[in-house]
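Everything below belongs to run-v5.cif, which stores mmCIF, C-alpha atoms.
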```
data_query
#
loop_
_atom_site.group_PDB
_atom_site.id
_atom_site.type_symbol
_atom_site.label_atom_id
_atom_site.label_comp_id
_atom_site.auth_asym_id
_atom_site.auth_seq_id
_atom_site.Cartn_x
_atom_site.Cartn_y
_atom_site.Cartn_z
ATOM 1 C CA MET O 1 0.000 0.000 0.000
ATOM 2 C CA ARG O 2 2.776 2.464 0.871
ATOM 3 C CA ALA O 3 4.537 1.850 -2.472
ATOM 4 C CA PHE O 4 1.221 2.445 -4.230
ATOM 5 C CA ILE O 5 0.809 5.789 -2.437
ATOM 6 C CA LEU O 6 4.260 7.005 -3.515
ATOM 7 C CA GLU O 7 3.758 5.813 -7.102
ATOM 8 C CA ILE O 8 0.443 7.700 -7.354
ATOM 9 C CA ILE O 9 2.078 10.862 -5.994
ATOM 10 C CA TYR O 10 4.935 10.456 -8.486
ATOM 11 C CA GLU O 11 2.603 10.080 -11.467
ATOM 12 C CA TRP O 12 0.558 13.056 -10.304
ATOM 13 C CA SER O 13 3.605 15.292 -9.817
ATOM 14 C CA LYS O 14 5.828 14.243 -12.756
ATOM 15 C CA LYS O 15 4.347 16.498 -15.471
ATOM 16 C CA PRO O 16 4.226 19.714 -13.393
ATOM 17 C CA TYR O 17 7.781 19.040 -12.154
ATOM 18 C CA GLN O 18 9.029 18.565 -15.733
ATOM 19 C CA LYS O 19 7.272 21.716 -16.909
ATOM 20 C CA TRP O 20 7.975 24.184 -14.107
ATOM 21 C CA PHE O 21 11.087 23.017 -12.314
ATOM 22 C CA LYS O 22 13.320 21.337 -14.899
ATOM 23 C CA LYS O 23 14.990 24.040 -16.965
ATOM 24 C CA GLN O 24 17.457 21.985 -19.028
ATOM 25 C CA PRO O 25 16.366 20.839 -22.470
ATOM 26 C CA SER O 26 15.276 17.301 -23.207
ATOM 27 C CA TRP O 27 17.970 15.015 -24.594
ATOM 28 C CA ASP O 28 15.725 13.932 -27.473
ATOM 29 C CA ILE O 29 17.289 10.451 -27.540
ATOM 30 C CA THR O 30 15.863 6.966 -27.899
ATOM 31 C CA VAL O 31 16.740 3.696 -26.213
ATOM 32 C CA LYS O 32 17.728 2.384 -29.650
ATOM 33 C CA ALA O 33 20.261 5.223 -29.979
ATOM 34 C CA LEU O 34 21.610 4.586 -26.473
ATOM 35 C CA ILE O 35 22.381 0.929 -27.086
ATOM 36 C CA GLN O 36 24.437 1.946 -30.139
ATOM 37 C CA TYR O 37 27.067 3.472 -27.846
ATOM 38 C CA PRO O 38 30.176 1.367 -27.070
ATOM 39 C CA LYS O 39 29.495 -1.490 -24.645
ATOM 40 C CA GLU O 40 31.559 0.016 -21.815
ATOM 41 C CA SER O 41 29.935 3.461 -22.108
ATOM 42 C CA LEU O 42 27.408 5.190 -19.912
ATOM 43 C CA GLY O 43 25.091 5.521 -22.915
ATOM 44 C CA PHE O 44 25.060 1.776 -23.571
ATOM 45 C CA HIS O 45 24.497 0.942 -19.898
ATOM 46 C CA LEU O 46 21.695 3.510 -19.708
ATOM 47 C CA GLY O 47 20.049 1.952 -22.767
ATOM 48 C CA CYS O 48 20.352 -1.536 -21.252
ATOM 49 C CA PHE O 49 18.856 -0.299 -17.970
ATOM 50 C CA MET O 50 15.901 1.172 -19.827
ATOM 51 C CA LEU O 51 15.380 -2.002 -21.864
ATOM 52 C CA GLN O 52 15.619 -4.169 -18.748
ATOM 53 C CA HIS O 53 12.897 -2.166 -16.991
ATOM 54 C CA ASP O 54 10.852 -1.373 -20.105
ATOM 55 C CA PHE O 55 11.503 2.355 -19.648
ATOM 56 C CA SER O 56 11.859 5.096 -22.199
ATOM 57 C CA PRO O 57 13.651 8.422 -21.730
ATOM 58 C CA GLN O 58 11.444 10.934 -19.931
ATOM 59 C CA PRO O 59 11.954 14.460 -21.310
ATOM 60 C CA LYS O 60 13.999 16.595 -18.915
ATOM 61 C CA LEU O 61 14.241 13.698 -16.432
ATOM 62 C CA GLU O 62 16.953 11.673 -18.174
ATOM 63 C CA ASN O 63 19.509 12.237 -15.395
ATOM 64 C CA HIS O 64 17.318 10.294 -12.979
ATOM 65 C CA ASP O 65 17.933 7.049 -14.845
ATOM 66 C CA VAL O 66 21.637 7.888 -15.172
ATOM 67 C CA PHE O 67 21.792 8.033 -11.372
ATOM 68 C CA HIS O 68 20.246 4.554 -11.221
ATOM 69 C CA VAL O 69 22.910 3.266 -13.600
ATOM 70 C CA LEU O 70 25.879 4.951 -11.908
ATOM 71 C CA THR O 71 24.864 3.877 -8.402
ATOM 72 C CA ASN O 72 23.557 0.477 -9.513
ATOM 73 C CA THR O 73 20.264 1.202 -7.774
ATOM 74 C CA GLY O 74 17.130 -0.826 -8.440
ATOM 75 C CA VAL O 75 13.695 0.599 -9.123
ATOM 76 C CA SER O 76 11.629 -0.574 -6.148
ATOM 77 C CA VAL O 77 10.168 2.245 -4.079
ATOM 78 C CA PRO O 78 12.599 1.800 -1.135
ATOM 79 C CA GLU O 79 15.496 1.760 -3.623
ATOM 80 C CA GLU O 80 14.186 4.953 -5.246
ATOM 81 C CA VAL O 81 14.069 6.611 -1.835
ATOM 82 C CA SER O 82 17.553 5.352 -0.987
ATOM 83 C CA MET O 83 18.876 6.809 -4.244
ATOM 84 C CA GLN O 84 17.472 10.205 -3.257
ATOM 85 C CA TYR O 85 19.298 9.881 0.074
ATOM 86 C CA TYR O 86 22.468 9.059 -1.872
ATOM 87 C CA LEU O 87 22.003 12.204 -3.967
ATOM 88 C CA LEU O 88 21.269 14.289 -0.860
ATOM 89 C CA GLY O 89 24.570 13.102 0.589
ATOM 90 C CA ASN O 90 26.209 14.058 -2.694
ATOM 91 C CA GLY O 91 24.933 17.633 -2.402
ATOM 92 C CA LYS O 92 21.886 17.579 -4.669
ATOM 93 C CA ARG O 93 18.963 19.707 -3.565
ATOM 94 C CA SER O 94 15.586 19.861 -5.265
ATOM 95 C CA ILE O 95 11.952 20.006 -4.281
ATOM 96 C CA TYR O 96 11.503 16.521 -5.741
ATOM 97 C CA LEU O 97 14.393 15.084 -3.717
ATOM 98 C CA ILE O 98 13.213 16.622 -0.458
ATOM 99 C CA SER O 99 9.626 15.453 -1.085
ATOM 100 C CA VAL O 100 10.677 11.867 -1.833
ATOM 101 C CA ILE O 101 12.926 11.750 1.214
ATOM 102 C CA PHE O 102 10.217 13.157 3.471
ATOM 103 C CA LEU O 103 7.472 10.852 2.236
ATOM 104 C CA GLY O 104 9.760 7.852 1.857
ATOM 105 C CA THR O 105 11.081 8.178 5.407
ATOM 106 C CA LEU O 106 7.545 8.595 6.713
ATOM 107 C CA LEU O 107 6.250 5.541 4.828
ATOM 108 C CA TYR O 108 9.359 3.345 5.187
ATOM 109 C CA PRO O 109 10.717 3.848 8.719
ATOM 110 C CA ASP O 110 11.857 0.209 8.631
ATOM 111 C CA LYS O 111 14.330 1.115 5.836
ATOM 112 C CA ILE O 112 16.111 3.895 7.725
ATOM 113 C CA GLN O 113 19.368 1.897 7.884
ATOM 114 C CA LEU O 114 19.322 1.511 4.091
ATOM 115 C CA PHE O 115 18.661 5.241 3.709
ATOM 116 C CA ASN O 116 21.456 6.148 6.141
ATOM 117 C CA LYS O 117 23.906 3.872 4.294
ATOM 118 C CA ALA O 118 22.943 5.485 0.975
ATOM 119 C CA TYR O 119 23.407 8.993 2.404
ATOM 120 C CA LYS O 120 26.891 8.107 3.648
ATOM 121 C CA LYS O 121 27.876 6.661 0.259
ATOM 122 C CA GLY O 122 26.699 9.822 -1.459
ATOM 123 C CA LYS O 123 28.663 11.932 1.006
ATOM 124 C CA ALA O 124 31.820 9.867 0.368
ATOM 125 C CA ALA O 125 31.609 10.347 -3.415
ATOM 126 C CA TYR O 126 32.841 13.436 -5.222
ATOM 127 C CA ALA O 127 29.952 15.620 -6.397
ATOM 128 C CA PHE O 128 28.535 14.086 -9.555
ATOM 129 C CA HIS O 129 24.856 15.029 -9.373
ATOM 130 C CA GLN O 130 25.300 18.241 -11.391
ATOM 131 C CA LEU O 131 27.176 16.849 -14.406
ATOM 132 C CA ASP O 132 25.881 17.217 -17.958
ATOM 133 C CA TYR O 133 25.392 13.531 -18.636
ATOM 134 C CA LYS O 134 24.239 13.968 -22.207
ATOM 135 C CA LYS O 135 27.815 15.029 -22.985
ATOM 136 C CA LEU O 136 29.199 12.050 -21.057
ATOM 137 C CA LEU O 137 27.215 9.239 -22.683
ATOM 138 C CA HIS O 138 30.300 8.090 -24.602
ATOM 139 C CA GLN O 139 32.437 7.894 -21.420
ATOM 140 C CA SER O 140 33.226 4.595 -19.753
ATOM 141 C CA ILE O 141 30.821 3.912 -16.901
ATOM 142 C CA GLN O 142 33.695 2.386 -14.913
ATOM 143 C CA SER O 143 35.786 5.505 -15.438
ATOM 144 C CA LEU O 144 32.973 7.769 -14.207
ATOM 145 C CA GLN O 145 32.358 5.605 -11.145
ATOM 146 C CA THR O 146 36.077 5.463 -10.324
ATOM 147 C CA THR O 147 36.712 9.166 -10.925
ATOM 148 C CA PHE O 148 33.827 10.267 -8.706
ATOM 149 C CA LEU O 149 34.143 7.421 -6.147
ATOM 150 C CA ILE O 150 30.586 6.298 -6.882
ATOM 151 C CA SER O 151 29.890 3.025 -5.125
ATOM 152 C CA ALA O 152 26.882 0.796 -5.624
ATOM 153 C CA LEU O 153 24.051 0.911 -3.139
#
```

Let me see whether you can do it: turn the structure in this file into structure tokens.
Amino acid sequence: MRAFILEIIYEWSKKPYQKWFKKQPSWDITVKALIQYPKESLGFHLGCFMLQHDFSPQPKLENHDVFHVLTNTGVSVPEEVSMQYYLLGNGKRSIYLISVIFLGTLLYPDKIQLFNKAYKKGKAAYAFHQLDYKKLLHQSIQSLQTTFLISAL
């Protein structure tokens, strides 16, 4: 039930958030284009992630899936919340992040250890939340993770 509540809130808030809060342009890229990148690249891994979960790029929200790929975070609701904790530790601040953390902590108090661990991992990594990932799609995912000390959740 608690996952259902957060998913409904997400679907309700996604369009207004894209329209009013996300200022960067859409990447205008397809999954088919992503999987054409070299096998070790961020672009290829992002395409594979989207295929695996039957996702497609969401305009202006593409970085969100990049964060999943870089941190090797799953897509269950507790994992989504933990990824936001990771990004909070990494210095990211947004109304979406704060809302997810607030609601996720309220609805998943039994996952607080997971959230705390994610926050600490984000804090230990060099700031990577603000990068222009569209320009980095050709880069090796391993190189990005090593350079920014990004560890899996």

Open item on the list: If we count all atoms listed in the file and set the cut-off at 10 Å, which residues sit around Leu70 in chain O, ignoring sequence neighbours fewer than 4 positions away in its own chain? Please answer as a PyMOL selection string.
Closed with: chain O and resi 42+45-46+65-66+128+141-142+144-145+150-153

Nearest to Lys60 in chain O, restricted to only C-alpha atoms and choosing among O:Ser26, O:Ser76, O:Thr146, O:Gln113, comes out as O:Ser26

### Task
Find the residues near range 87-102 of chain O: any atom within 9 Å, counting only C-alpha atoms, skip ones fewer than 3 places away on the same chain, and give them as number ranges by chain.
O: 6, 10, 13, 17, 21, 67, 80-84, 105-107, 118-130

Could you save those same residues with C-alpha atoms as a PDB file, in the coordinates of the input?
```pdb
ATOM      1  CA  LEU O   6       4.260   7.005  -3.515  1.00  0.00           C
ATOM      2  CA  TYR O  10       4.935  10.456  -8.486  1.00  0.00           C
ATOM      3  CA  SER O  13       3.605  15.292  -9.817  1.00  0.00           C
ATOM      4  CA  TYR O  17       7.781  19.040 -12.154  1.00  0.00           C
ATOM      5  CA  PHE O  21      11.087  23.017 -12.314  1.00  0.00           C
ATOM      6  CA  PHE O  67      21.792   8.033 -11.372  1.00  0.00           C
ATOM      7  CA  GLU O  80      14.186   4.953  -5.246  1.00  0.00           C
ATOM      8  CA  VAL O  81      14.069   6.611  -1.835  1.00  0.00           C
ATOM      9  CA  SER O  82      17.553   5.352  -0.987  1.00  0.00           C
ATOM     10  CA  MET O  83      18.876   6.809  -4.244  1.00  0.00           C
ATOM     11  CA  GLN O  84      17.472  10.205  -3.257  1.00  0.00           C
ATOM     12  CA  THR O 105      11.081   8.178   5.407  1.00  0.00           C
ATOM     13  CA  LEU O 106       7.545   8.595   6.713  1.00  0.00           C
ATOM     14  CA  LEU O 107       6.250   5.541   4.828  1.00  0.00           C
ATOM     15  CA  ALA O 118      22.943   5.485   0.975  1.00  0.00           C
ATOM     16  CA  TYR O 119      23.407   8.993   2.404  1.00  0.00           C
ATOM     17  CA  LYS O 120      26.891   8.107   3.648  1.00  0.00           C
ATOM     18  CA  LYS O 121      27.876   6.661   0.259  1.00  0.00           C
ATOM     19  CA  GLY O 122      26.699   9.822  -1.459  1.00  0.00           C
ATOM     20  CA  LYS O 123      28.663  11.932   1.006  1.00  0.00           C
ATOM     21  CA  ALA O 124      31.820   9.867   0.368  1.00  0.00           C
ATOM     22  CA  ALA O 125      31.609  10.347  -3.415  1.00  0.00           C
ATOM     23  CA  TYR O 126      32.841  13.436  -5.222  1.00  0.00           C
ATOM     24  CA  ALA O 127      29.952  15.620  -6.397  1.00  0.00           C
ATOM     25  CA  PHE O 128      28.535  14.086  -9.555  1.00  0.00           C
ATOM     26  CA  HIS O 129      24.856  15.029  -9.373  1.00  0.00           C
ATOM     27  CA  GLN O 130      25.300  18.241 -11.391  1.00  0.00           C
TER      28      GLN O 130
END
```

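Counting from CA of Ile29 in chain O, the distance to CA of Val77 in chain O is 25.9 Å.
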
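For the pair CA of Phe44 in chain O and CA of Leu137 in chain O, the separation is 7.8 Å.
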
Taking every listed atom of range 30-38 of chain O and adding 5 Å to each side, what centre and edge lengths in Å (one decimal) does the axis-aligned box have, as AutoDock Vina command-line options?
```
--center_x 23.0 --center_y 3.9 --center_z -28.2 --size_x 24.3 --size_y 16.0 --size_z 13.9
```

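CA of Ser56 in chain O lies 7.2 Å from CA of Thr30 in chain O.
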
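Comparing the minimum interatomic distances between Leu136 in chain O and each of O:Gln52, O:Gln58, O:Gln24, O:Asn63, counting only C-alpha atoms, we find that O:Asn63 sits nearest.
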
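Among the candidates O:Thr73, O:His68, O:Ile112, O:His138, the one nearest to Tyr37 in chain O when counting all atoms listed in the file is O:His138.
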
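Between Glu79 in chain O and the candidates O:Lys134, O:Lys39, O:Lys111, O:Lys32, the tightest atom-to-atom separation, counting only C-alpha atoms, involves O:Lys111.
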
Shortest contact to Tyr86 in chain O, candidates O:Cys48, O:Met1, O:Leu34, O:Leu114, atoms counted all atoms listed in the file, goes to O:Leu114
